[in-house]
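Engineer: Below is one structure. I have some questions about it.
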2 protein chains.
Amino acid sequence: MNLIPIDDPRDPRVAAYLDIRERDLVGRHGRFVAEGKVVLDLLLSTGRFAAESAFILENRLAGLQAILRKAPSDFPVYVAGGEVMDEIAGFHMHRGILAIGVRGDPAPAEILVERLPARALAVVLVGISNHDNMGAIFRNAAAFGADVVLLDQTCCDPLYRKAIRVSVGAALKVPFASFADTATFTATLERLGFSQFALSPSGILDIGAAERPAKLALYFGTEGEGLPRDLLARLQTLRIGMAEGFDSLNVAAASAIALHHFSKTGDP
Amino acid sequence: MNLIPIDDPRDPRVAAYLDIRERDLVGRHGRFVAEGKVVLDLLLSTGRFAAESAFILENRLAGLQAILRKAPSDFPVYVAGGEVMDEIAGFHMHRGILAIGVRGDPAPAEILVERLPARALAVVLVGISNHDNMGAIFRNAAAFGADVVLLDQTCCDPLYRKAIRVSVGAALKVPFASFADTATFTATLERLGFSQFALSPSGILDIGAAERPAKLALYFGTEGEGLPRDLLARLQTLRIGMAEGFDSLNVAAASAIALHHFSKTGDP
C-alpha cells in the first residue's frame, strides 16, 4: 500500500472525504463511502466494487495491516491524526476507518436475474426507503444466501454510508440492481420461471407451510403501507403468524424469518 | 381530557419535557418519555404504566381524540404550536406527540417468572446495550407472544425514548424486569421448570430441530462477543444456520427467527 500522511485538512487529495455527512445526501459523482473495519475488509476482498482510496486514523493503522494488504500495492492510504481527520470528515470519526468506492455501471435488474442459476433466491424490495431497514435486509440476504437483491425506483440507496454500515458490508457483497417498472419486472421473473411470494400481514398462506421452489423471488414492501394491492393480487401471498393484539413486525425482521425459512428448506 | 394551552417555553407545567434529548441520558426521576401516536396509544391503553401528562402539537390534536379519550378525564394534555414545542423539547419535534410515563416500582425478575403460567415463553437478555436492538427485540417479543423479558445488569434501559420508539410501544406492553446475577437467575429458572436455550453462532443444535417445551427461556447475548462462555456451558445451545462466508446475524434478527420458531411450534 501507498501510505500518504495528511496534515492539512484542505489537502486536495482527501477532498473526497470532506463533510461526509452532508455529501451523503447530495451524491458524490459515482462514488460511495465505506466505513469501519469489517466494511473495508469486504470492499477490498469481494472485488465487486473498485476501491479508490482509504483514509485511516493513524492509531488504527497497525491493526489494519492484514486488511490493507488485500489492496493493490499502489492503493493510496491517507493517514491523519484525530483532529485533522475530524475536521475533514466534519464530525467525530471515532472508528477512524473510511474508504471511497466506485459504483461503476450497474447491470440492469433484468440482466442480473437472467444470469441466475437454476436454483436461485431473489429478494425484491418495493418502497424500502429507510436506510436502517435497507442495510438490515442486505445483512439478512447475505446471511441466508440470497443471490440478488432487486429494488424498485422508490427504494433508498444501498450504498448510502449508513446502509452499508448497518449491512455490515453485505451491500458490497450481495449483487443488486434497480428495475424501472414493478409490473414489467414481475412479468420478467415469471417468464424466467420464478415462483413469486409476497410477504404481507394479510397473506393467505402461513409461511411455515410454504415449500421452497428452485427459483424463488421474495417480495418485501414498506412498513406502513405494505406492498401495493395490485402487486399483491398478482403474487402468492405469505403471512407470518403473530400474537393477537400486536401484529406488527419490522420489515427487516420479516426478511430474517422468511429468508431463514426458505434457505433451510430443501429442493421440492 | 384537560386541554392546557402552553405559550411560554419556560412554563413550569411542561418542565418534564425540557431538553428531551439531553435528559434522556441522565434519567428523569422515575419518569420516561413516550413519543408518537402508536406509543401514546399503548401507554394509555395497556395500563402497565401510569401516564402523567401528554404534550401535543396543536395541529396533531384533532387526529388524537380517540386515543386521548382513553385517559382519565382530568389527564393533562398540554398543547402548543411548533415553535414553542421545539424550543421546549430542544430539537425539531416533527411527530409532535409526547407523553410522560411513570416507571413505578418494578417487580424483581424472580417474582415475575414465578407468576408465569404452565406454558410460558421468557426472553433473557445478557449485555444488550444498543437501544435499537433492545427496541427491536421487544417488538419481536410482543409480535410472537413472549410473556416476559428479563435483563441482566449490563443491558440498556427498555424505557429509553428511542428504545420505546423502535419497539413501536412493545416496551410498554411486554412485562420486563432486571436480575442481579445471571448464574443465580439461571438456577431460579431451572428450579421453576424452564428449559433454557441459548442462541449462539456456535450452538450445537440447529434451531429448526428444536421442539418447543412448555416453559421456555430463550437467551440472547450481545452481538460482538455473544453470551459468556460459562453461561453457554450451562445451557442448551441453538444455532441459526447461515450461508458460508457471511455468518453474521443481528441479534434482533436472531430473536425474530427464534421467537417465530418457538411461537408457532405446538406443545411437545
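Residues in the C-alpha cells are named by chain (A, B, ... in the order shown) and by number from 1 within that chain; ligands are numbered from 1 in the order shown.
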Which residues of chain A are close to chain B, meaning at most 6 Å apart when you count only C-alpha atoms, and how do they look as a ChimeraX atom specification?
Structural biologist: /A:143-145,242-243,246-247,253,256-257
Engineer: Could you turn the residues from that selection into a file that holds all heavy atoms, as a tab-separated table (two decimals), in the first residue's frame?
Structural biologist:
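Below is the file that was written, result_15.tsv:
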chain	number	residue	atom	x	y	z
A	143	ALA	N	-26.61	-13.35	4.93
A	143	ALA	CA	-26.54	-14.44	5.93
A	143	ALA	C	-27.27	-15.69	5.45
A	143	ALA	O	-26.86	-16.81	5.78
A	143	ALA	CB	-27.13	-13.96	7.26
A	144	PHE	N	-28.34	-15.50	4.66
A	144	PHE	CA	-29.12	-16.66	4.24
A	144	PHE	C	-28.96	-16.96	2.76
A	144	PHE	O	-29.81	-17.61	2.15
A	144	PHE	CB	-30.58	-16.49	4.67
A	144	PHE	CG	-30.72	-16.42	6.17
A	144	PHE	CD1	-31.19	-15.27	6.79
A	144	PHE	CD2	-30.30	-17.48	6.96
A	144	PHE	CE1	-31.28	-15.20	8.17
A	144	PHE	CE2	-30.38	-17.42	8.34
A	144	PHE	CZ	-30.87	-16.28	8.96
A	145	GLY	N	-27.89	-16.46	2.18
A	145	GLY	CA	-27.50	-16.88	0.84
A	145	GLY	C	-28.40	-16.44	-0.30
A	145	GLY	O	-28.51	-17.14	-1.31
A	242	MET	N	-48.63	-14.03	13.96
A	242	MET	CA	-48.21	-13.23	15.13
A	242	MET	C	-49.23	-13.32	16.25
A	242	MET	O	-50.33	-13.85	16.06
A	242	MET	CB	-48.03	-11.78	14.71
A	242	MET	CG	-46.67	-11.53	14.07
A	242	MET	SD	-46.49	-9.83	13.51
A	242	MET	CE	-46.84	-10.03	11.77
A	243	ALA	N	-48.83	-12.79	17.40
A	243	ALA	CA	-49.71	-12.80	18.55
A	243	ALA	C	-50.90	-11.86	18.32
A	243	ALA	O	-50.77	-10.85	17.63
A	243	ALA	CB	-48.94	-12.36	19.80
A	246	PHE	N	-50.91	-7.56	18.75
A	246	PHE	CA	-49.67	-6.86	18.42
A	246	PHE	C	-49.09	-7.45	17.14
A	246	PHE	O	-48.04	-8.07	17.15
A	246	PHE	CB	-48.64	-6.98	19.56
A	246	PHE	CG	-47.56	-5.92	19.48
A	246	PHE	CD1	-47.71	-4.72	20.16
A	246	PHE	CD2	-46.42	-6.11	18.72
A	246	PHE	CE1	-46.74	-3.74	20.08
A	246	PHE	CE2	-45.44	-5.13	18.64
A	246	PHE	CZ	-45.61	-3.94	19.33
A	247	ASP	N	-49.83	-7.29	16.05
A	247	ASP	CA	-49.40	-7.90	14.80
A	247	ASP	C	-48.59	-6.90	14.00
A	247	ASP	O	-48.96	-6.43	12.93
A	247	ASP	CB	-50.59	-8.40	14.00
A	247	ASP	CG	-51.62	-7.32	13.76
A	247	ASP	OD1	-51.54	-6.27	14.44
A	247	ASP	OD2	-52.49	-7.50	12.90
A	253	ALA	N	-37.07	-7.67	10.19
A	253	ALA	CA	-37.34	-8.89	10.97
A	253	ALA	C	-38.11	-9.89	10.11
A	253	ALA	O	-37.81	-11.09	10.13
A	253	ALA	CB	-38.13	-8.54	12.23
A	256	ALA	N	-35.73	-11.57	7.85
A	256	ALA	CA	-34.91	-12.58	8.53
A	256	ALA	C	-35.67	-13.90	8.63
A	256	ALA	O	-35.13	-14.97	8.31
A	256	ALA	CB	-34.52	-12.08	9.93
A	257	ILE	N	-36.92	-13.82	9.04
A	257	ILE	CA	-37.73	-15.04	9.21
A	257	ILE	C	-37.96	-15.72	7.86
A	257	ILE	O	-37.79	-16.93	7.71
A	257	ILE	CB	-39.08	-14.68	9.88
A	257	ILE	CG1	-38.84	-14.26	11.33
A	257	ILE	CG2	-40.06	-15.85	9.79
A	257	ILE	CD1	-40.03	-13.57	11.98
Engineer: Among region 10-206 of chain B, which residues does DSSP mark as strand (DSSP E) when it is run on the backbone? Keep the chain and numbering as in the structure and answer as number ranges by chain.
Structural biologist: B: 31-35, 50-57, 76-80, 97-102, 120-126, 148-151, 176-178, 195-199, 205-206
Engineer: Looking only at helix (DSSP H, G or I) from DSSP on the backbone, list the matching residues of region 137-190 of chain B as a ChimeraX atom specification.
Structural biologist: /B:137-143,161-166,170-172,182-190
Engineer: Show me, as a compact mmCIF listing (two decimals) with N, CA, C and O atoms, in the first residue's frame, the residues that have an atom within 12 Å of Asp181 (chain B) when counting only C-alpha atoms, minus same-chain residues fewer than 6 positions from it.
Structural biologist:
# COMPACT_ATOMS: atom_id res chain seq x y z
N ALA B 109 -37.20 -9.69 38.93
CA ALA B 109 -37.33 -10.70 37.89
C ALA B 109 -37.80 -12.04 38.45
O ALA B 109 -38.60 -12.74 37.84
N GLU B 110 -37.34 -12.38 39.66
CA GLU B 110 -37.69 -13.67 40.25
C GLU B 110 -39.20 -13.77 40.49
O GLU B 110 -39.80 -14.83 40.27
N VAL B 126 -28.72 -10.71 27.80
CA VAL B 126 -27.46 -10.51 28.53
C VAL B 126 -26.57 -9.57 27.71
O VAL B 126 -26.16 -9.91 26.60
N LEU B 150 -36.41 -10.54 30.43
CA LEU B 150 -35.60 -10.44 31.65
C LEU B 150 -34.20 -9.97 31.27
O LEU B 150 -33.61 -10.46 30.31
N LEU B 151 -33.70 -9.01 32.02
CA LEU B 151 -32.48 -8.30 31.60
C LEU B 151 -31.39 -8.42 32.65
O LEU B 151 -31.65 -8.23 33.85
N ASP B 152 -30.18 -8.67 32.19
CA ASP B 152 -29.07 -8.65 33.15
C ASP B 152 -28.66 -7.19 33.41
O ASP B 152 -29.19 -6.26 32.79
N GLN B 153 -27.71 -7.01 34.30
CA GLN B 153 -27.36 -5.65 34.74
C GLN B 153 -26.65 -4.83 33.68
O GLN B 153 -26.54 -3.62 33.80
N THR B 154 -26.14 -5.49 32.64
CA THR B 154 -25.40 -4.74 31.61
C THR B 154 -26.29 -4.36 30.42
O THR B 154 -25.80 -3.77 29.46
N ALA B 187 -30.34 -20.49 37.67
CA ALA B 187 -30.71 -21.55 38.62
C ALA B 187 -32.18 -21.42 39.03
O ALA B 187 -32.89 -22.42 39.15
N THR B 188 -32.64 -20.18 39.19
CA THR B 188 -34.06 -19.96 39.51
C THR B 188 -34.96 -20.50 38.40
O THR B 188 -35.95 -21.19 38.66
N LEU B 231 -21.82 -19.25 30.78
CA LEU B 231 -23.27 -19.36 30.66
C LEU B 231 -23.62 -20.39 29.58
O LEU B 231 -24.48 -21.26 29.78
Engineer: Which value, in Å to one decimal, gives the distance between CA of Arg48 (chain B) and CA of Ala62 (chain B)?
Structural biologist: 25.7 Å
Engineer: Can you pull out every residue within 12 Å of region 11-13 of chain B, counting only C-alpha atoms, but drop anything in the same chain fewer than 4 positions away, and send it as a list in words?
Structural biologist: Ile4, Pro5, Ile6, Asp7, Tyr17, Leu18, Glu52, Ser53, Ala54, Phe55, Pro76, Val77, Tyr78, Val79, Ala80, Val84, Met85, Glu87 and Ile88 of chain B
Engineer: Skipping near chain neighbours, those fewer than 6 positions away, what residues fall within 10 Å of Gly203 (chain B) using only C-alpha atoms, listed as JSON, numbers by chain?
Structural biologist: {"B": [197, 232, 236, 237, 238, 239, 240, 241]}
Engineer: Between A:Pro9, A:Gly101, A:Gly63, A:Gly90, single out the one closest to Ala50 (chain A), counting only C-alpha atoms.
Structural biologist: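 Closest to Ala50 (chain A), using only C-alpha atoms: A:Gly101.
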Engineer: Mind pulling up the distance from CA of Leu68 (chain A) to CA of His92 (chain A)?
Structural biologist: 22.7 Å
